[in-house]
Amino acid sequence: MKRYDAIVIGAGHNGLSAAAYLAKAGMEVLVVEKNDYIGGAAVSRELHDGWTYSNCSYVCSMLRQAIHRDLDLSRHGLMLVPYLGTISYGLNGEVMLGYHDEGAAHNELKRFSPHDADAMHRFEADMNRYSQFIRKTLMRTPPDPVAPKIRDIHELLFLGKQFWNLGEREIYEYIRFFTMSASEFLDDYFEHYLVKASMATPGIIGTALGVESPGSAYILLHHVMGDVDGSIGAWGLARGGMGAISHALASAFQSFGGEIRREAPVAQVLVQHGRANGVVLENGDEIYANVVVSNLDAKRTFTKIMDPKDLPPGIVKKAENYKIRGSSGKVNIALSGLPKFINVPDNRYINRGGQAFIGSMETLERAYDCWKRGRWSDDPFIESVIPSAWDPTVAPPGGHWMSNFIQYCPPELEDGPWTPEKRDAFGKTVIDKIERHAPGFSDLIEHMEVRTPYEIEQEVGLTEGNIFQGELTIDQLLFNRPFPGYAQYRMPVKNLYMCGSSTHPGGGVSATCGANAAREILMDLKRPNTVPEDDCYDE
Amino acid sequence: MSEAMQTDPYAGERLKESPFHPRQAALNLREAWSSWNGYRFAEYYYDPEYEYFCIRNGCGTYDICPMQKYRISGADAAAMLDRMVTRDVHKLAIDRVTYVVWCNDEGRVVDDGTIFRLGEQEYMLTCGSPCLAWIRKAAYGYEQVTVEDVSDEIAALSFQGPTTCAVLKRMGLEGIETLKPFGIRRFPFQGGELMVSRTGFTGDLGYELWIEKDRGLAMWDALYAAGEPYQIQPYGEEATNMARLEAGFIMPDMEFAEALKTVHFEHDQTPFELDLGWLVDFKKPHFNGRRALLEEKERGTRYTLTKLDIEGNKPAESSWIYRDRDCTKQIGYVTSAMWSPAAKANIALAMIETEYLDGPIWAWIDYEKELRQYGKVARCTVSKRAFWAPPRARATPPPDC
Amino acid sequence: MRDFDTIVIGAGHNGLVCATQLARAGQRVLVLEAHGEAGGLARAREFHKGFKAPVAPSSHHFSPTVARALGLEQHGLKLAPPAPFTALAGDGTAPRVVRGETLAGASVEDAAAWPEFRARLQRFADALEPSWHKTMPRIAKGPVKSLLPLGQVGLRLRRLGKEDMREFLRVFSLPMRDLVDEHFEDEALKALLAWDGLIGSRMAPRSPNNAVLMMLYRMASQSHCAGTSLIHALGSAASAAGVTLETNAPVAKILVAADSKGQQAAGVRLASGEEISAEQVISSADPQTTFVKLLGVQHLEVGFSNRIGRLRCNGLVAKLNIALDGEPNFDGLESAQGRLLFAPSLDAIEFAFDASKYGEYSEQPVLEACVPTLETPELAPAGQHVLSAHVMFAPHALRAGWDEAAKADLAARALAVMERSAPGLREQMLGHELLSPVDLEQHYGVTGGHWHHTEFALDQALMMRPTYEAAQYESPVAGLWLCGAGCHPAGDLTGMAGYNAAQEVLA
């Protein structure tokens with residue numbers, strides 16, 4: 001029977017990028033995927049005739065340009081288009097428009113607060129500065145500060161030097177950013193509730209923290225440190241939906257001779273003599289390989305597809321304690337036409353950006369309070385994008401598809417697990433909030449898909465439906481991700497690696513965790529490295 | 001949604017128009033518009049060089065409505081401003097104007113601008129880009145000071161050139177010839193008040209006119225009626241940039257990067273680096289950035305903004321500056337450069353490492369001939385004085401008035 | 001004009017510790033106290049005829065190092081072993097009691113998890129302990145040598161062994177909820193174990209980043225003494241050292257000598273108008289009061305003043321004092337010794353906190369109480385008692401404002417919570433007083449009525465406490481120093497900030 005050089009479990013963006021770089025190094029690599037489609041949470045699915053949904057992730061800014069160029073993803077069919085600003089919906093019909101032109105954007109902000117219009121310049125410069133430091137760490141393996149090897153010491157010195165170079169003030173300001181709540185952090189910049197709330201929303205997306213929770217300022221940075229074509233903080237849409245990213249990665253992988261097997265859910269990782277030796281599929285097939293790489297989240301990897309007997313003591317407990325909390329929902333809608341929003345002018349440019357249905361900081365925080373109690377808020381935060389305003393391939397002419405991301409949505413309700421009825425009630429809450437800003441919206445709905453953490457877990461395989469494969473808090477970042485001592489992609493069983501977003505640098509459609517894992521694997525196998533260096537060092 | 005947006009869905013995309021816009025738009029034959037602080041703003045109206053010579057030879061108007069204006073008043077206003085800027089504000093008399101810079105705690109320039117003392121406890125601060133957030137921070141802890149952004153309330157017009165005094169006199173501003181540089185005078189104007197300051201950004205004789213925005217057009221018309229025999233002409237950003245460079249004035253985003261908006265460590269500047277040490281008054285026991293600036297003064301400044309007279313006639317735009325003709329040791333870079341039509345000289349402002357200022361200075365100049373790129377090395381001479389500083393700029397009364 | 005070497009503003013415990021140290025080093029020291037008596041938040045105050053109570057009835061963490069250095073034992077201070085800390089769930093279940101290393105009333109599983117949990121945290125606390133006594137370095141500005149204290153912390157953590165160090169790097173930022181959830185099942189016990197990471201701060205069980213450090217700070221020195229006896233000993237030590245203490249002497253301004261050479265603190269002006277000169281002025285008042293009210297921002301940098309201005313100083317604890325005509329009885333307890341916690345679960349704390357985010361207090365407050373008269377009978381007439389409770393979370397900026405009705409309402413809610421475990425309490429009540437954070441601010445001169453003068457959070461801790469450029473106790477104005485809870489390490493009756501400041505002044 002054929003023995004592969006490596007098996008990658010899961011065909012998500014990180015699994016595929018890890019596989020691509022291993023195959024590029026000349027290895028025979030098999031990717032096994034439980035679904036009959038690839039992509040994990042970066043997919044394009046025609047769930048309604050003529051409409052293609054990116055029904056999980058829906059926008060992209062974290063995909064490292066160095067990987068895009070190195071794997072020639074454009075030739076493999078990927079086109080990333082930056083989209084224009086965001087419309088923010090406040091209280092009592094108040095709407096703040098996001099203009100692309102700097103002067104117009106300034107005037108719009110000034111309409112709310114002349115102070116904030118000015119403060120925005122400093123905010124943007126600061127965010128840019130903070131991003132530049134952290135961007136340099138993305139395509140690097142976190143050093144081990146506890147039992148450092150020589151390369152860890154080099155790495156620690158590199159990071160220390162980068163940090164020191166920020167200067168006294170910025171070192172301190174950086175620590176603030178890393179530890180504070182989004183709300184307190186933004187208080188230093190903005191005074192108007194809607195300006196502040198619209199800047200705060202990235203601080204809660206995907207996380208079980210609120211705008212008032214310490215640590216949410218970092219989440220905010222995590223969402224603005226990406227870029228499209230070097231423009232830090234910009235977000236892009238993939239032509240054809242997010243599946244285009246997965247398909248381009250898969251195509252690159254296959255061009256290096258890689259093999260993908262669909263509908264092949266893994267039951268267990270085979271371990272022999274303390275070494276990973278392959279996988280058993282749920283249908284009983286055994287496939288052997290010298291290296292096994294899991295793109296599943298850390299909790300799933302250690303509690304679902306490993307025999308505890310094969311693991312050193314304590315690791316299962318660590319995996320159980322790993323914080324991977326479901327906090328988000330998704331409502332994907334096929335529309336027969338473009339909705340009209342109250343107080344939004346019929347402006348072709350404005351209508352091609354995102355929409356943030358917010359309310360105020362209090363609305364956001366109260367939604368979090370509901371999550372804590374196992375409920376969803378009547379007034380949830382919804383981040384919407386209408387990719388069809390840009391992308392002619394995802395809806396029929398005249399029709400539109402609208403992606404709605406909802407924060408918060410509990411993994412389980414106070415009175416028990418999710419049921420189809422409750423899921424639909426949740427969907428209705430979302431529609432109702434949009435309808436309040438766009439009367440007649442419901443009449444445009446041709447089809448809709450509601451996904452709570454339950455559906456996301458069932459279909460995609462993300463534990464609790466957590467979009468980052470684990471909370472992005474200090475205890476689970478850098479050398480702590482996923483667990484202290486296992487942050488360098490190597491797992492406690494020899495020849496077993498992890499490459500999902502549970503590893504550094506965490507969530508986001510970045511393909512970076514996979515590339516980093518591949519670099520470590522190739523190092524262990526003493527093969528030449530195929531993973532490029534990041535291109536952000538001279539920013 | 002504003003009314004404008006209901007009739008024009010793109011209203012929010014369109015830039016604001018200054019109170020003078022109807023007249024300026026009519027004269028902007030080239031439709032050469034750019035933007036400044038969210039306003040539609042002329043790069044030039046007819047021809048930049050023609051407009052430049054109006055400033056140097058006759059008179060011209062420059063729309064400074066987009067400039068930021070803050071009214072700072074109250075019993076603590078003087079103390080608050082005095083702590084914010086490096087100059088001694090307590091010395092500023094009523095109806096006088098002073099040029100100032102203000103720094104962050106590290107002594108790096110946040111912005112430059114002018115302070116107008118309008119009354120016992122009332123000041124106006126003007127600057128090129130929005131600074132309200134910093135001014136609010138500077139006002140924190142003072143109980144009796146209010147800061148108002150009046151940028152959009154006041155119509156302001158800079159009026160520059162050798163014949164400006166004569167025109168204002170013809171407009172009926174009695175006694176304008178006795179107004180000294182950096183002085184303020186008020187005149188009744190059609191039921192309102194016209195404030196005139198003898199200030200400007202051209203290094204020449206000139207005034208700035210300030211009036212409430214609803215009377216802006218009437219003021220324009222009166223000024224243009226009086227200026228008709230003097231060939232009064234509006235001028236835009238390009239002519240201003242030429243005139244200010246000859247005068248040796250610094251421009252944000254050219255000579256300095258505002259400290260609060262820089263991304264990279266110490267990519268902003270200190271007053272000493274900008275050769276504005278004369279604005280830093282260490283006799284004051286405290287002002288923002290004093291400690292850092294004192295350290296810098298004692299240590300010596302790394303860069304100094306320097307006026308250069310460069311051989312040849314190719315403008316040294318974006319040039320690198322070297323210590324030697326072979327260009328082996330880079331010692332600085334040019335921030336602004338042009339051929340000076342008034343001085344008939346090839347001039348530039350450059351940031352040069354202070355320790356090399358006394359030695360030879362060479363510039364590598366890229367230029368183009370019919371699409372083909374050329375480069376040359378040119379010897380530079382440090383000029384201590386401004387390239388253009390006519391006596392009429394300071395004379396009271398000005399000549400011919 | 002009167003002249004001293006040093007003027008210390010405020011006769012709270014940190015001010016007294018600092019003044020005594022300096023006087024012992026030979027300085028002529030004047031302590032100026034706004035109120036009629038020394039003691040700050042540990043000063044007893046009559047709240048009902050014949051009944052007195054301080055805001056801080058007892059100290060659980062007074063530093064033995066400081067006690068030794070000042071010879072407080074000779075002045076009558078006795079640091080007893082830690083008092084018991086008891087969770088009263090109010091549901092008829094037996095109390096869970098933690099006393100030092102022992103845990104009683106827990107389930108078999110939880111009791112089994114306890115020794116290792118506690119031992120590990122104690123190892124962390126012990127490793128950090130010396131750093132609370134050190135001046136923190138000024139990163140990127142000070143000499144490399146000044147980084148030593150940080151290096152030492154690193155070394156001490158490293159000495160714990162790889163496993164412990166890894167665990168420390170993970171758990172130091174955990175929310176209390178995650179920390180205790182990993183080890184225990186019983187909700188009331190979890191609330192009890194989480195409490196010391198939360199009380200006094202704007203933190204709930206789910207808040208990451210700051211709570212574990214707060215708890216480790218408190219675990220660094222565990223002892224017990226009555227607040228009033230601590231103040232008594234400190235006052236006695238101060239006067240023995242030759243400190244001049246003036247009460248009813250509120251300071252209006254810190255005087256600055258300014259000329260072209262710069263600025264230098266020169267003394268103070270009292271509210272009475274008297275000016276007193278000194279070589280240096282040391283303020284134990286909170287940073288906002290010190291810099292904005294007493295000094296004035298005109299002497300400071302814009303960025304610095306705004307960092308002081310944005311310090312998070314809004315207190316969330318109300319003080320409820322109750323006069324009782326007998327000793328209160330609590331279900332399952334023979335005597336109300338030590339601290340009593342009325343918070344049945346982590347969610348109870350979390351949900352009580354939630355209300356405070358919106359400027360409200362909860363229907364169901366959570367509280368920590370004690371009966372100080374059990375060890376200090378003179379606070380009440382013979383045979384009668386005082387019950388003193390910290391009620392959380394009572395926001396300083398109450399949306400509707402802190403009027404009498406709001407205070408009566410919160411007191412009633414707090415009482416109702418306690419009555420679940422002390423059915424006869426209401427009948428024993430002779431009177432009560434609730435001090436909101438606004439009252440605490442007014443009576444004790446603490447901005448926001450905040451226990452720690454400003455929130456103890458990572459961005460306001462260590463070399464950032466209260467903010468950089470003032471974290472080494474010396475302020476940007478030469479001759480003006482800080483020595484209060486707003487400095488490293490933090491608040492509570494530990495004496496460390498005052499002690500560290502004196503060391504730095506004398507260095």
# chains A, B, ... in the order shown; residues from 1 in each chain; ligands from 1
call {"tool": "residues_around", "arguments": {"residues": "region 242-254 of chain A", "least_positions_apart": "3", "cutoff": "9 Å", "atoms": "only C-alpha atoms", "output": "number ranges by chain"}}
result
A: 11-13, 16-17, 19-24, 29, 38-45, 53-60, 68, 71-80, 237-239, 257-260, 509, 511
call {"tool": "write_last_selection", "arguments": {"atoms": "C-alpha atoms", "output": "short mmCIF file (atom, residue, chain, number, x, y, z; two decimals), in the first residue's frame"}}
result
data_model
loop_
_atom_site.label_atom_id
_atom_site.label_comp_id
_atom_site.auth_asym_id
_atom_site.auth_seq_id
_atom_site.Cartn_x
_atom_site.Cartn_y
_atom_site.Cartn_z
CA ALA A 11 -8.54 21.12 3.28
CA GLY A 12 -8.91 24.57 4.79
CA HIS A 13 -6.72 27.43 3.64
CA LEU A 16 -3.80 23.58 1.72
CA SER A 17 -0.97 26.06 2.13
CA ALA A 19 0.33 20.90 1.83
CA ALA A 20 1.38 23.13 -1.06
CA TYR A 21 4.70 24.04 0.55
CA LEU A 22 5.45 20.44 1.46
CA ALA A 23 4.61 19.30 -2.07
CA LYS A 24 6.69 22.12 -3.45
CA VAL A 29 1.35 14.81 0.06
CA ILE A 38 -12.73 21.74 -0.09
CA GLY A 39 -12.00 25.04 1.64
CA GLY A 40 -13.16 24.55 5.22
CA ALA A 41 -14.35 28.01 6.20
CA ALA A 42 -13.17 29.64 2.95
CA VAL A 43 -15.73 28.36 0.52
CA SER A 44 -18.03 29.44 -2.30
CA ARG A 45 -21.21 27.44 -2.36
CA TYR A 53 -22.43 32.24 -1.01
CA SER A 54 -19.15 32.62 0.80
CA ASN A 55 -21.15 31.15 3.60
CA CYS A 56 -18.44 31.27 6.29
CA SER A 57 -15.61 33.77 5.93
CA TYR A 58 -16.57 36.50 3.50
CA VAL A 59 -13.78 39.08 3.25
CA CYS A 60 -10.03 38.84 3.21
CA HIS A 68 -0.01 34.85 -2.85
CA LEU A 71 2.38 30.18 -4.94
CA ASP A 72 1.35 32.23 -7.97
CA LEU A 73 -2.24 32.21 -6.75
CA SER A 74 -3.30 34.75 -9.34
CA ARG A 75 -2.36 32.29 -12.08
CA HIS A 76 -4.34 29.68 -10.18
CA GLY A 77 -7.42 31.88 -10.48
CA LEU A 78 -7.39 34.17 -7.46
CA MET A 79 -8.32 37.83 -7.81
CA LEU A 80 -8.60 39.97 -4.68
CA LEU A 237 -13.27 40.38 -1.65
CA ALA A 238 -12.20 37.33 -3.60
CA ARG A 239 -13.72 37.20 -7.07
CA GLY A 257 1.76 16.85 -7.64
CA GLY A 258 -0.40 16.93 -4.51
CA GLU A 259 -3.47 14.79 -4.07
CA ILE A 260 -6.78 15.67 -2.40
CA VAL A 509 -7.93 33.64 6.07
CA ALA A 511 -2.76 30.68 4.82
#
call {"tool": "closest_atom_pairs", "arguments": {"of": "chain A", "to": "chain C", "cutoff": "7 Å", "atoms": "only C-alpha atoms", "output": "tab-separated table"}}
result
residue	atom	partner	partner_atom	distance
A:Val146	CA	C:Lys162	CA	6.1
A:Ala147	CA	C:Lys162	CA	7.0
A:Trp164	CA	C:Ala140	CA	6.9
A:Gly167	CA	C:Ala140	CA	6.7
A:Glu168	CA	C:Ala140	CA	5.3
A:Ile175	CA	C:Asp459	CA	6.3
A:Arg176	CA	C:Asp459	CA	4.8
A:Thr179	CA	C:Asn209	CA	6.3
A:Ser213	CA	C:Ser207	CA	5.6
A:Pro214	CA	C:Pro208	CA	5.7
A:Gly215	CA	C:Pro208	CA	6.5
A:Asn321	CA	C:Glu182	CA	6.4
A:Ile474	CA	C:Ser173	CA	6.3
A:Asp475	CA	C:Arg170	CA	4.5
A:Asn480	CA	C:Arg170	CA	6.4
A:Pro484	CA	C:Arg166	CA	5.6
A:Gly485	CA	C:Arg166	CA	7.0
call {"tool": "write_last_selection", "arguments": {"atoms": "N, CA, C and O atoms", "output": "PDB file, in the first residue's frame"}}
result
ATOM      1  N   VAL A 146      10.874  29.911  27.392  1.00  0.00           N
ATOM      2  CA  VAL A 146      11.091  29.152  28.627  1.00  0.00           C
ATOM      3  C   VAL A 146      12.277  28.202  28.495  1.00  0.00           C
ATOM      4  O   VAL A 146      13.124  28.117  29.390  1.00  0.00           O
ATOM      5  N   ALA A 147      12.342  27.487  27.372  1.00  0.00           N
ATOM      6  CA  ALA A 147      13.467  26.576  27.159  1.00  0.00           C
ATOM      7  C   ALA A 147      14.074  26.903  25.802  1.00  0.00           C
ATOM      8  O   ALA A 147      13.956  26.145  24.853  1.00  0.00           O
ATOM      9  N   TRP A 164      12.151  47.385  20.981  1.00  0.00           N
ATOM     10  CA  TRP A 164      12.962  48.479  21.521  1.00  0.00           C
ATOM     11  C   TRP A 164      12.977  49.660  20.556  1.00  0.00           C
ATOM     12  O   TRP A 164      12.930  50.820  20.964  1.00  0.00           O
ATOM     13  N   GLY A 167      10.733  52.893  20.532  1.00  0.00           N
ATOM     14  CA  GLY A 167      10.950  54.070  21.371  1.00  0.00           C
ATOM     15  C   GLY A 167      10.132  53.970  22.649  1.00  0.00           C
ATOM     16  O   GLY A 167       9.153  53.226  22.729  1.00  0.00           O
ATOM     17  N   GLU A 168      10.544  54.718  23.655  1.00  0.00           N
ATOM     18  CA  GLU A 168       9.934  54.592  24.979  1.00  0.00           C
ATOM     19  C   GLU A 168       8.420  54.746  24.948  1.00  0.00           C
ATOM     20  O   GLU A 168       7.674  53.898  25.411  1.00  0.00           O
ATOM     21  N   ILE A 175       1.944  48.318  24.985  1.00  0.00           N
ATOM     22  CA  ILE A 175       1.466  47.456  26.071  1.00  0.00           C
ATOM     23  C   ILE A 175       0.008  47.785  26.368  1.00  0.00           C
ATOM     24  O   ILE A 175      -0.811  46.899  26.609  1.00  0.00           O
ATOM     25  N   ARG A 176      -0.321  49.055  26.309  1.00  0.00           N
ATOM     26  CA  ARG A 176      -1.717  49.448  26.521  1.00  0.00           C
ATOM     27  C   ARG A 176      -2.592  48.751  25.503  1.00  0.00           C
ATOM     28  O   ARG A 176      -3.622  48.171  25.813  1.00  0.00           O
ATOM     29  N   THR A 179      -3.372  45.147  26.070  1.00  0.00           N
ATOM     30  CA  THR A 179      -4.040  44.666  27.271  1.00  0.00           C
ATOM     31  C   THR A 179      -5.396  45.316  27.543  1.00  0.00           C
ATOM     32  O   THR A 179      -6.176  44.788  28.316  1.00  0.00           O
ATOM     33  N   SER A 213     -14.366  44.515  27.574  1.00  0.00           N
ATOM     34  CA  SER A 213     -13.468  43.518  28.171  1.00  0.00           C
ATOM     35  C   SER A 213     -12.018  43.865  27.882  1.00  0.00           C
ATOM     36  O   SER A 213     -11.670  44.110  26.723  1.00  0.00           O
ATOM     37  N   PRO A 214     -11.179  43.852  28.907  1.00  0.00           N
ATOM     38  CA  PRO A 214      -9.749  44.015  28.629  1.00  0.00           C
ATOM     39  C   PRO A 214      -9.337  42.961  27.596  1.00  0.00           C
ATOM     40  O   PRO A 214      -9.826  41.838  27.625  1.00  0.00           O
ATOM     41  N   GLY A 215      -8.456  43.355  26.696  1.00  0.00           N
ATOM     42  CA  GLY A 215      -8.016  42.410  25.676  1.00  0.00           C
ATOM     43  C   GLY A 215      -8.690  42.618  24.331  1.00  0.00           C
ATOM     44  O   GLY A 215      -8.190  42.155  23.312  1.00  0.00           O
ATOM     45  N   ASN A 321      -9.124  22.584  28.166  1.00  0.00           N
ATOM     46  CA  ASN A 321      -9.141  23.942  28.703  1.00  0.00           C
ATOM     47  C   ASN A 321      -8.910  25.006  27.633  1.00  0.00           C
ATOM     48  O   ASN A 321      -9.005  26.192  27.913  1.00  0.00           O
ATOM     49  N   ILE A 474      -4.185  36.861  25.432  1.00  0.00           N
ATOM     50  CA  ILE A 474      -2.744  36.746  25.690  1.00  0.00           C
ATOM     51  C   ILE A 474      -2.347  35.314  26.050  1.00  0.00           C
ATOM     52  O   ILE A 474      -1.294  34.843  25.655  1.00  0.00           O
ATOM     53  N   ASP A 475      -3.221  34.626  26.781  1.00  0.00           N
ATOM     54  CA  ASP A 475      -2.889  33.258  27.191  1.00  0.00           C
ATOM     55  C   ASP A 475      -2.907  32.287  26.016  1.00  0.00           C
ATOM     56  O   ASP A 475      -2.515  31.136  26.177  1.00  0.00           O
ATOM     57  N   ASN A 480       2.210  31.091  23.429  1.00  0.00           N
ATOM     58  CA  ASN A 480       1.181  30.369  24.181  1.00  0.00           C
ATOM     59  C   ASN A 480       0.164  29.694  23.262  1.00  0.00           C
ATOM     60  O   ASN A 480      -0.789  29.087  23.742  1.00  0.00           O
ATOM     61  N   PRO A 484       1.249  26.572  25.865  1.00  0.00           N
ATOM     62  CA  PRO A 484       2.657  26.842  26.145  1.00  0.00           C
ATOM     63  C   PRO A 484       3.487  25.587  25.893  1.00  0.00           C
ATOM     64  O   PRO A 484       3.090  24.494  26.281  1.00  0.00           O
ATOM     65  N   GLY A 485       4.611  25.762  25.239  1.00  0.00           N
ATOM     66  CA  GLY A 485       5.499  24.632  24.996  1.00  0.00           C
ATOM     67  C   GLY A 485       5.218  23.918  23.682  1.00  0.00           C
ATOM     68  O   GLY A 485       5.992  23.078  23.245  1.00  0.00           O
TER      69      GLY A 485
END
call {"tool": "residues_around", "arguments": {"residues": "region 296-311 of chain A", "least_positions_apart": "2", "cutoff": "6 Å", "atoms": "only C-alpha atoms", "output": "PyMOL selection string"}}
result
chain A and resi 267-269+294+319+469+500+502
call {"tool": "residues_around", "arguments": {"residues": "Leu15 (chain B)", "least_positions_apart": "2", "cutoff": "7 Å", "atoms": "only C-alpha atoms", "output": "PyMOL selection string"}}
result
(chain A and resi 103-104) or (chain B and resi 13+17+38-40)
call {"tool": "interface_residues", "arguments": {"of": "chain B", "to": "chain A", "cutoff": "9 Å", "atoms": "only C-alpha atoms", "output": "PyMOL selection string"}}
result
chain B and resi 1-2+5-6+8-16+35-40+129-134+136+149+260-266
call {"tool": "interface_residues", "arguments": {"of": "chain C", "to": "chain B", "cutoff": "12 Å", "atoms": "only C-alpha atoms", "output": "PyMOL selection string"}}
result
chain C and resi 256-264+288-310+469+476-478
call {"tool": "select_by_dssp", "arguments": {"residues": "region 53-212 of chain A", "states": "alpha helix (DSSP H)", "output": "ChimeraX atom specification"}}
result
/A:65-70,102-112,114-138,150-164,168-179,182-187,193-200
call {"tool": "atom_distance", "arguments": {"atom1": "CA of Glu295 (chain B)", "atom2": "CA of Gly332 (chain B)"}}
result
22.6 Å
call {"tool": "residues_around", "arguments": {"residues": "region 313-319 of chain B", "least_positions_apart": "4", "cutoff": "8 Å", "atoms": "only C-alpha atoms", "output": "ChimeraX atom specification"}}
result
/B:333-339,345-348,363-367
